[in-house]
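Below is query-v7.pdb, holding PDB, C-alpha atoms.
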ATOM      1  CA  MET A   1     -12.204  22.782   7.465
ATOM      2  CA  LYS A   2      -8.493  23.103   8.227
ATOM      3  CA  TYR A   3      -8.502  26.802   9.215
ATOM      4  CA  ASN A   4      -9.910  28.803  12.136
ATOM      5  CA  PHE A   5      -9.616  32.280  10.622
ATOM      6  CA  VAL A   6     -10.275  32.793   6.907
ATOM      7  CA  THR A   7     -10.069  36.187   5.207
ATOM      8  CA  ILE A   8     -11.456  37.024   1.769
ATOM      9  CA  GLU A   9      -9.944  39.889  -0.201
ATOM     10  CA  GLY A  10     -10.137  41.406  -3.652
ATOM     11  CA  ASN A  11     -10.748  44.640  -5.483
ATOM     12  CA  ILE A  12     -13.827  46.841  -5.144
ATOM     13  CA  GLY A  13     -16.783  44.801  -6.435
ATOM     14  CA  ALA A  14     -14.953  41.448  -6.516
ATOM     15  CA  GLY A  15     -17.623  39.626  -4.478
ATOM     16  CA  LYS A  16     -15.867  39.446  -1.097
ATOM     17  CA  THR A  17     -18.929  40.037   1.055
ATOM     18  CA  THR A  18     -21.130  37.677  -0.972
ATOM     19  CA  LEU A  19     -18.647  34.833  -0.599
ATOM     20  CA  ALA A  20     -18.028  35.604   3.082
ATOM     21  CA  ASN A  21     -21.772  35.397   3.809
ATOM     22  CA  ILE A  22     -22.115  32.094   1.949
ATOM     23  CA  LEU A  23     -19.079  30.497   3.615
ATOM     24  CA  SER A  24     -20.127  31.666   7.081
ATOM     25  CA  LYS A  25     -23.469  29.886   6.672
ATOM     26  CA  HIS A  26     -21.802  26.788   5.208
ATOM     27  CA  TYR A  27     -19.391  26.470   8.143
ATOM     28  CA  ASN A  28     -21.628  28.015  10.823
ATOM     29  CA  ALA A  29     -18.808  30.513  11.251
ATOM     30  CA  ARG A  30     -18.633  33.864  12.958
ATOM     31  CA  LEU A  31     -18.839  36.565  10.272
ATOM     32  CA  VAL A  32     -16.814  39.789  10.257
ATOM     33  CA  LEU A  33     -17.929  42.277   7.597
ATOM     34  CA  GLU A  34     -16.376  45.631   6.867
ATOM     35  CA  GLU A  35     -18.631  48.465   8.017
ATOM     36  CA  PHE A  36     -17.851  50.778   5.111
ATOM     37  CA  ALA A  37     -21.230  52.523   5.325
ATOM     38  CA  ASP A  38     -20.248  54.052   8.671
ATOM     39  CA  ASN A  39     -17.364  56.005   7.119
ATOM     40  CA  PRO A  40     -18.659  59.579   6.740
ATOM     41  CA  PHE A  41     -15.708  60.547   4.528
ATOM     42  CA  LEU A  42     -16.227  57.893   1.835
ATOM     43  CA  PRO A  43     -18.723  59.709  -0.442
ATOM     44  CA  LYS A  44     -16.627  62.901  -0.063
ATOM     45  CA  PHE A  45     -13.479  60.962  -0.977
ATOM     46  CA  TYR A  46     -14.930  59.854  -4.315
ATOM     47  CA  GLU A  47     -15.835  63.482  -5.080
ATOM     48  CA  LYS A  48     -12.549  65.054  -3.888
ATOM     49  CA  PRO A  49      -9.947  62.306  -3.370
ATOM     50  CA  ASP A  50      -6.981  64.616  -2.716
ATOM     51  CA  GLN A  51      -8.830  66.440   0.039
ATOM     52  CA  TYR A  52     -10.426  63.467   1.798
ATOM     53  CA  ALA A  53      -7.996  60.561   1.230
ATOM     54  CA  PHE A  54      -6.239  60.870   4.596
ATOM     55  CA  PRO A  55      -9.357  61.082   6.804
ATOM     56  CA  VAL A  56     -11.101  58.300   4.859
ATOM     57  CA  GLU A  57      -8.139  55.945   5.324
ATOM     58  CA  LEU A  58      -7.599  56.914   8.968
ATOM     59  CA  PHE A  59     -11.266  56.274   9.760
ATOM     60  CA  PHE A  60     -11.146  52.880   8.032
ATOM     61  CA  MET A  61      -8.030  51.831   9.950
ATOM     62  CA  ALA A  62      -9.530  52.803  13.310
ATOM     63  CA  GLU A  63     -12.787  50.971  12.577
ATOM     64  CA  ARG A  64     -11.084  47.823  11.235
ATOM     65  CA  TYR A  65      -8.747  47.727  14.226
ATOM     66  CA  LYS A  66     -11.583  48.043  16.722
ATOM     67  CA  GLN A  67     -13.737  45.458  14.962
ATOM     68  CA  LEU A  68     -11.027  42.810  14.544
ATOM     69  CA  LYS A  69      -9.540  43.337  17.999
ATOM     70  CA  ASP A  70     -12.932  43.053  19.718
ATOM     71  CA  LEU A  71     -14.196  40.077  17.723
ATOM     72  CA  LEU A  72     -11.050  37.979  17.484
ATOM     73  CA  GLN A  73     -10.197  38.350  21.155
ATOM     74  CA  THR A  74     -13.669  37.225  22.210
ATOM     75  CA  LYS A  75     -13.942  33.460  22.090
ATOM     76  CA  ASP A  76     -17.246  32.005  20.965
ATOM     77  CA  MET A  77     -17.853  28.508  22.289
ATOM     78  CA  PHE A  78     -20.393  27.785  19.548
ATOM     79  CA  GLN A  79     -18.404  29.110  16.562
ATOM     80  CA  SER A  80     -14.760  28.114  16.310
ATOM     81  CA  ILE A  81     -14.332  29.466  12.751
ATOM     82  CA  THR A  82     -14.210  33.172  11.840
ATOM     83  CA  ILE A  83     -14.621  34.447   8.276
ATOM     84  CA  SER A  84     -13.853  38.061   7.369
ATOM     85  CA  ASP A  85     -14.377  39.989   4.141
ATOM     86  CA  TYR A  86     -11.244  42.106   4.613
ATOM     87  CA  LEU A  87      -7.577  41.839   5.549
ATOM     88  CA  PHE A  88      -6.300  44.443   8.009
ATOM     89  CA  THR A  89      -3.324  45.076   5.695
ATOM     90  CA  LYS A  90      -5.904  46.439   3.251
ATOM     91  CA  CYS A  91      -5.472  49.704   5.188
ATOM     92  CA  LEU A  92      -1.884  50.026   4.029
ATOM     93  CA  LEU A  93      -2.579  48.920   0.446
ATOM     94  CA  PHE A  94      -5.350  51.473  -0.120
ATOM     95  CA  ALA A  95      -3.324  54.165   1.636
ATOM     96  CA  LYS A  96      -0.406  53.463  -0.701
ATOM     97  CA  VAL A  97      -2.639  54.151  -3.696
ATOM     98  CA  ASN A  98      -4.612  57.067  -2.245
ATOM     99  CA  LEU A  99      -2.202  59.138  -0.162
ATOM    100  CA  GLN A 100       0.537  61.597  -0.989
ATOM    101  CA  ASN A 101       4.058  60.480  -0.028
ATOM    102  CA  ASP A 102       4.302  62.466   3.221
ATOM    103  CA  GLU A 103       0.806  61.418   4.301
ATOM    104  CA  PHE A 104       1.569  57.791   3.480
ATOM    105  CA  ARG A 105       4.744  57.820   5.591
ATOM    106  CA  LEU A 106       2.773  59.082   8.583
ATOM    107  CA  TYR A 107      -0.020  56.582   7.958
ATOM    108  CA  GLN A 108       2.511  53.750   7.648
ATOM    109  CA  LYS A 109       3.993  54.610  11.052
ATOM    110  CA  LEU A 110       0.546  54.401  12.641
ATOM    111  CA  PHE A 111      -0.181  51.135  10.841
ATOM    112  CA  GLU A 112       3.095  49.587  12.055
ATOM    113  CA  ILE A 113       2.163  50.423  15.662
ATOM    114  CA  ILE A 114      -1.290  48.851  15.353
ATOM    115  CA  ASN A 115      -0.745  45.875  13.048
ATOM    116  CA  PRO A 116       1.167  43.614  15.514
ATOM    117  CA  GLN A 117      -1.895  43.670  17.790
ATOM    118  CA  ILE A 118      -4.113  42.123  15.112
ATOM    119  CA  VAL A 119      -4.547  38.377  14.698
ATOM    120  CA  GLN A 120      -3.565  37.408  11.151
ATOM    121  CA  PRO A 121      -5.677  34.956   9.125
ATOM    122  CA  ASP A 122      -4.691  31.303   8.717
ATOM    123  CA  ILE A 123      -5.420  31.597   4.999
ATOM    124  CA  LEU A 124      -6.352  34.353   2.552
ATOM    125  CA  ILE A 125      -8.787  33.861  -0.335
ATOM    126  CA  TYR A 126      -7.997  36.468  -2.984
ATOM    127  CA  LEU A 127     -10.640  36.990  -5.680
ATOM    128  CA  HIS A 128      -8.890  38.209  -8.819
ATOM    129  CA  THR A 129     -11.538  39.794 -11.034
ATOM    130  CA  PRO A 130     -11.015  41.670 -14.335
ATOM    131  CA  VAL A 131     -11.769  45.386 -14.182
ATOM    132  CA  ASN A 132     -14.614  45.173 -16.713
ATOM    133  CA  ARG A 133     -16.334  42.610 -14.472
ATOM    134  CA  LEU A 134     -15.704  44.772 -11.409
ATOM    135  CA  LYS A 135     -17.423  47.673 -13.152
ATOM    136  CA  GLU A 136     -20.452  45.466 -13.901
ATOM    137  CA  ASN A 137     -20.666  44.376 -10.269
ATOM    138  CA  ILE A 138     -20.280  47.952  -9.006
ATOM    139  CA  LYS A 139     -23.087  49.060 -11.302
ATOM    140  CA  LYS A 140     -25.369  46.232 -10.115
ATOM    141  CA  ARG A 141     -24.943  46.959  -6.422
ATOM    142  CA  ASN A 142     -25.788  50.597  -7.166
ATOM    143  CA  ARG A 143     -23.971  52.556  -4.479
ATOM    144  CA  GLU A 144     -24.257  56.050  -5.892
ATOM    145  CA  TYR A 145     -20.812  57.292  -4.808
ATOM    146  CA  GLU A 146     -19.067  54.310  -6.493
ATOM    147  CA  GLN A 147     -20.555  54.690  -9.952
ATOM    148  CA  ASN A 148     -17.813  56.924 -11.373
ATOM    149  CA  ILE A 149     -14.756  55.055 -10.064
ATOM    150  CA  PRO A 150     -12.124  55.343 -12.830
ATOM    151  CA  ASN A 151     -10.783  52.172 -14.429
ATOM    152  CA  ASP A 152      -7.227  53.360 -13.728
ATOM    153  CA  TYR A 153      -7.973  53.431  -9.999
ATOM    154  CA  LEU A 154      -9.229  49.831 -10.070
ATOM    155  CA  PHE A 155      -6.155  48.758 -12.058
ATOM    156  CA  GLN A 156      -3.899  50.448  -9.476
ATOM    157  CA  LEU A 157      -5.602  48.637  -6.612
ATOM    158  CA  GLN A 158      -5.415  45.330  -8.467
ATOM    159  CA  GLU A 159      -1.701  45.747  -9.037
ATOM    160  CA  THR A 160      -1.092  46.778  -5.421
ATOM    161  CA  TYR A 161      -2.892  43.710  -4.089
ATOM    162  CA  THR A 162      -1.140  41.247  -6.381
ATOM    163  CA  GLN A 163       2.297  42.728  -5.708
ATOM    164  CA  TYR A 164       1.703  42.508  -1.956
ATOM    165  CA  ILE A 165       0.634  38.860  -2.159
ATOM    166  CA  LYS A 166       3.641  37.960  -4.310
ATOM    167  CA  GLN A 167       6.136  39.747  -2.076
ATOM    168  CA  HIS A 168       4.761  38.453   1.234
ATOM    169  CA  HIS A 169       4.558  34.702   1.518
ATOM    170  CA  ILE A 170       1.009  34.648   2.844
ATOM    171  CA  LYS A 171      -0.873  31.372   2.536
ATOM    172  CA  THR A 172      -3.248  32.388  -0.276
ATOM    173  CA  LEU A 173      -5.877  30.768  -2.453
ATOM    174  CA  PHE A 174      -5.584  32.978  -5.539
ATOM    175  CA  VAL A 175      -8.949  32.569  -7.282
ATOM    176  CA  ASP A 176      -9.545  33.502 -10.912
ATOM    177  CA  ALA A 177     -13.018  34.946 -10.338
ATOM    178  CA  SER A 178     -13.593  36.137 -13.921
ATOM    179  CA  HIS A 179     -16.755  34.025 -14.165
ATOM    180  CA  ALA A 180     -17.596  33.755 -10.478
ATOM    181  CA  ASP A 181     -21.251  33.511  -9.503
ATOM    182  CA  PHE A 182     -21.299  32.420  -5.886
ATOM    183  CA  LEU A 183     -24.976  33.263  -5.436
ATOM    184  CA  HIS A 184     -26.324  31.166  -8.306
ATOM    185  CA  ASN A 185     -23.676  28.544  -9.035
ATOM    186  CA  PRO A 186     -23.182  26.038  -6.171
ATOM    187  CA  GLU A 187     -20.264  24.465  -8.068
ATOM    188  CA  HIS A 188     -18.242  27.664  -7.617
ATOM    189  CA  VAL A 189     -18.825  27.593  -3.867
ATOM    190  CA  LYS A 190     -17.939  23.879  -3.733
ATOM    191  CA  ILE A 191     -14.601  24.545  -5.465
ATOM    192  CA  ILE A 192     -13.769  27.015  -2.676
ATOM    193  CA  THR A 193     -14.923  24.740   0.168
ATOM    194  CA  ASP A 194     -13.038  21.768  -1.317
ATOM    195  CA  ALA A 195      -9.901  23.925  -1.422
ATOM    196  CA  LEU A 196     -10.375  24.909   2.229
ATOM    197  CA  ASP A 197     -10.439  21.227   3.182
ATOM    198  CA  LYS A 198      -6.800  20.883   2.091
ATOM    199  CA  GLU A 199      -3.567  21.728   3.885
ATOM    200  CA  TYR A 200      -1.323  24.215   2.073
ATOM    201  CA  ASP A 201       2.210  25.459   2.532
ATOM    202  CA  HIS A 202       2.862  29.193   2.610
ATOM    203  CA  GLY A 203       2.639  30.815  -0.797
ATOM    204  CA  GLN A 204       0.027  31.097  -3.523
ATOM    205  CA  HIS A 205      -2.200  28.283  -4.733
ATOM    206  CA  TYR A 206      -4.260  28.973  -7.840
ATOM    207  CA  ILE A 207      -7.890  28.080  -8.419
ATOM    208  CA  SER A 208      -9.988  28.753 -11.515
ATOM    209  CA  LEU A 209     -13.798  28.875 -11.536
ATOM    210  CA  PRO A 210     -15.324  27.483 -14.788
TER     211      PRO A 210
END

Now that the file is in, can you turn its structure into structure tokens?
Amino acid sequence: MKYNFVTIEGNIGAGKTTLANILSKHYNARLVLEEFADNPFLPKFYEKPDQYAFPVELFFMAERYKQLKDLLQTKDMFQSITISDYLFTKCLLFAKVNLQNDEFRLYQKLFEIINPQIVQPDILIYLHTPVNRLKENIKKRNREYEQNIPNDYLFQLQETYTQYIKQHHIKTLFVDASHADFLHNPEHVKIITDALDKEYDHGQHYISLP
């Protein structure tokens, strides 16, 4: 593989963690997974988003910072590749959707202080998944607090992600994951691993899964 640090991103329920687990085993890579379950504000946020948006996003940023800083600054002689199921910039993208303007400005200032200390990925895999498929995946994984996420919220996140990727020339494999089944279809995984064996310029490179 051509890259030492690979990050997988996508909307809620896109299959980030599933793919990250599979690729980490394939490459014998160090795995960094978001510890969303440790956020005590998350269930409250889905019930009362206006009240709990700021603490939920602040907690996520602190946890992501600590996790990435600790793991990426610790060299592992047996695992030269690291695969993560989140991009640190996710903090800012979710905050942009969830926070009021004054809260977002404060959050952005904190993010801009922290972000330069984080190692950025060599390549981003973005799983673009239609909202109806996201809803199916969310239902299957059966986290109670996620079951009533509005479609409009998922559309907003989708748009925020895609706009960010287009505006920032990040080296990205933009994957049409409409029919993705990484657990049961080895061909889908092979398409991703074949893509990771290639050198890319900065910008977006599109992949479709049959």

task: Run the PyMOL selection byres ((chain A and resi 26) around 12) against the file shown and list the residues it catches, as JSON, numbers by chain.
output: {"A": [1, 19, 20, 21, 22, 23, 24, 25, 27, 28, 29, 30, 31, 81, 82, 83, 186, 189, 190, 192, 193, 196]}

- request: For A:Glu144, please output as JSON, numbers by chain all residues within 12 Å (counting all atoms listed in the file; exclusion window: fewer than 2 positions along the same chain).
  value: {"A": [42, 43, 44, 46, 47, 138, 139, 140, 141, 142, 146, 147, 148, 149]}

- prompt: When you draw a straight line from atom CA of A:His188 to atom CA of A:Arg133, how long is it in Å?
  reply: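 Taking atom CA of A:His188 as the start and atom CA of A:Arg133 as the end point, the length is 16.6 Å.
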
field: Expansion of the PyMOL selection byres ((chain A and resi 62-76) around 8) into residues, as a ChimeraX atom specification
entry: /A:32,34-35,58-61,77-80,88,114,117-119

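The gap separating atom CA of A:Glu103 from atom CA of A:Pro150 is 22.3 Å, in Å to one decimal.
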
field: Point-to-point distance in Å for atom CA of A:Gly203 and atom CA of A:Ile123
entry: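 Separation between atom CA of A:Ile123 and atom CA of A:Gly203: 10.0 Å.
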
task: Compile the contact shell of A:Ala177 as a VMD selection string: residues with an atom at most 8 Å away, counting all atoms listed in the file, same-chain residues fewer than 5 positions apart removed.
output: chain A and resid 14 127 to 129 208 to 209

field: Spatial sel., origin (-5.7, 40.4, 3.9), limit 8 Å, all atoms listed in the file, listed as a list in words
entry: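 The distance filter leaves exactly Thr7, Ile8, Glu9, Tyr86, Leu87, Phe88, Thr89, Lys90, Pro121 and Leu124 of chain A.
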
task: Using the chain letters and numbers from the file, give me the residues hit by the PyMOL selection byres ((chain A and resi 162) around 12), as an NGL selection string.
output: :A and (9-11 or 90 or 93 or 126-129 or 155-161 or 163-170 or 172 or 174-175 or 204)

Which polymer residues have any atom within 12 Å of an atom of A:Tyr107, counting all atoms listed in the file, with same-chain residues fewer than 3 positions away left out, as an mmCIF file with C-alpha atoms, keeping the file's coordinate frame?
data_model
loop_
_atom_site.group_PDB
_atom_site.id
_atom_site.type_symbol
_atom_site.label_atom_id
_atom_site.label_comp_id
_atom_site.auth_asym_id
_atom_site.auth_seq_id
_atom_site.Cartn_x
_atom_site.Cartn_y
_atom_site.Cartn_z
ATOM 1 C CA ALA A 53 -7.996 60.561 1.230
ATOM 2 C CA PHE A 54 -6.239 60.870 4.596
ATOM 3 C CA PRO A 55 -9.357 61.082 6.804
ATOM 4 C CA VAL A 56 -11.101 58.300 4.859
ATOM 5 C CA GLU A 57 -8.139 55.945 5.324
ATOM 6 C CA LEU A 58 -7.599 56.914 8.968
ATOM 7 C CA PHE A 59 -11.266 56.274 9.760
ATOM 8 C CA PHE A 60 -11.146 52.880 8.032
ATOM 9 C CA MET A 61 -8.030 51.831 9.950
ATOM 10 C CA ALA A 62 -9.530 52.803 13.310
ATOM 11 C CA CYS A 91 -5.472 49.704 5.188
ATOM 12 C CA LEU A 92 -1.884 50.026 4.029
ATOM 13 C CA LEU A 93 -2.579 48.920 0.446
ATOM 14 C CA PHE A 94 -5.350 51.473 -0.120
ATOM 15 C CA ALA A 95 -3.324 54.165 1.636
ATOM 16 C CA LYS A 96 -0.406 53.463 -0.701
ATOM 17 C CA ASN A 98 -4.612 57.067 -2.245
ATOM 18 C CA LEU A 99 -2.202 59.138 -0.162
ATOM 19 C CA GLN A 100 0.537 61.597 -0.989
ATOM 20 C CA ASN A 101 4.058 60.480 -0.028
ATOM 21 C CA ASP A 102 4.302 62.466 3.221
ATOM 22 C CA GLU A 103 0.806 61.418 4.301
ATOM 23 C CA PHE A 104 1.569 57.791 3.480
ATOM 24 C CA LEU A 110 0.546 54.401 12.641
ATOM 25 C CA PHE A 111 -0.181 51.135 10.841
ATOM 26 C CA GLU A 112 3.095 49.587 12.055
ATOM 27 C CA ILE A 113 2.163 50.423 15.662
ATOM 28 C CA ILE A 114 -1.290 48.851 15.353
ATOM 29 C CA ASN A 115 -0.745 45.875 13.048
#

message: Please determine, counting all atoms listed in the file, which residue among A:Gln108, A:Ser84, A:Asn4, A:Ser178 has the shortest atom-to-atom distance to A:Ile207.
response: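 Distance minimum relative to A:Ile207 lands on A:Ser178.
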
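Across A:Ile125, A:Val131, A:Ala180, A:Leu106, the tightest approach to A:Tyr3 is made by A:Ile125 when counting all atoms listed in the file.
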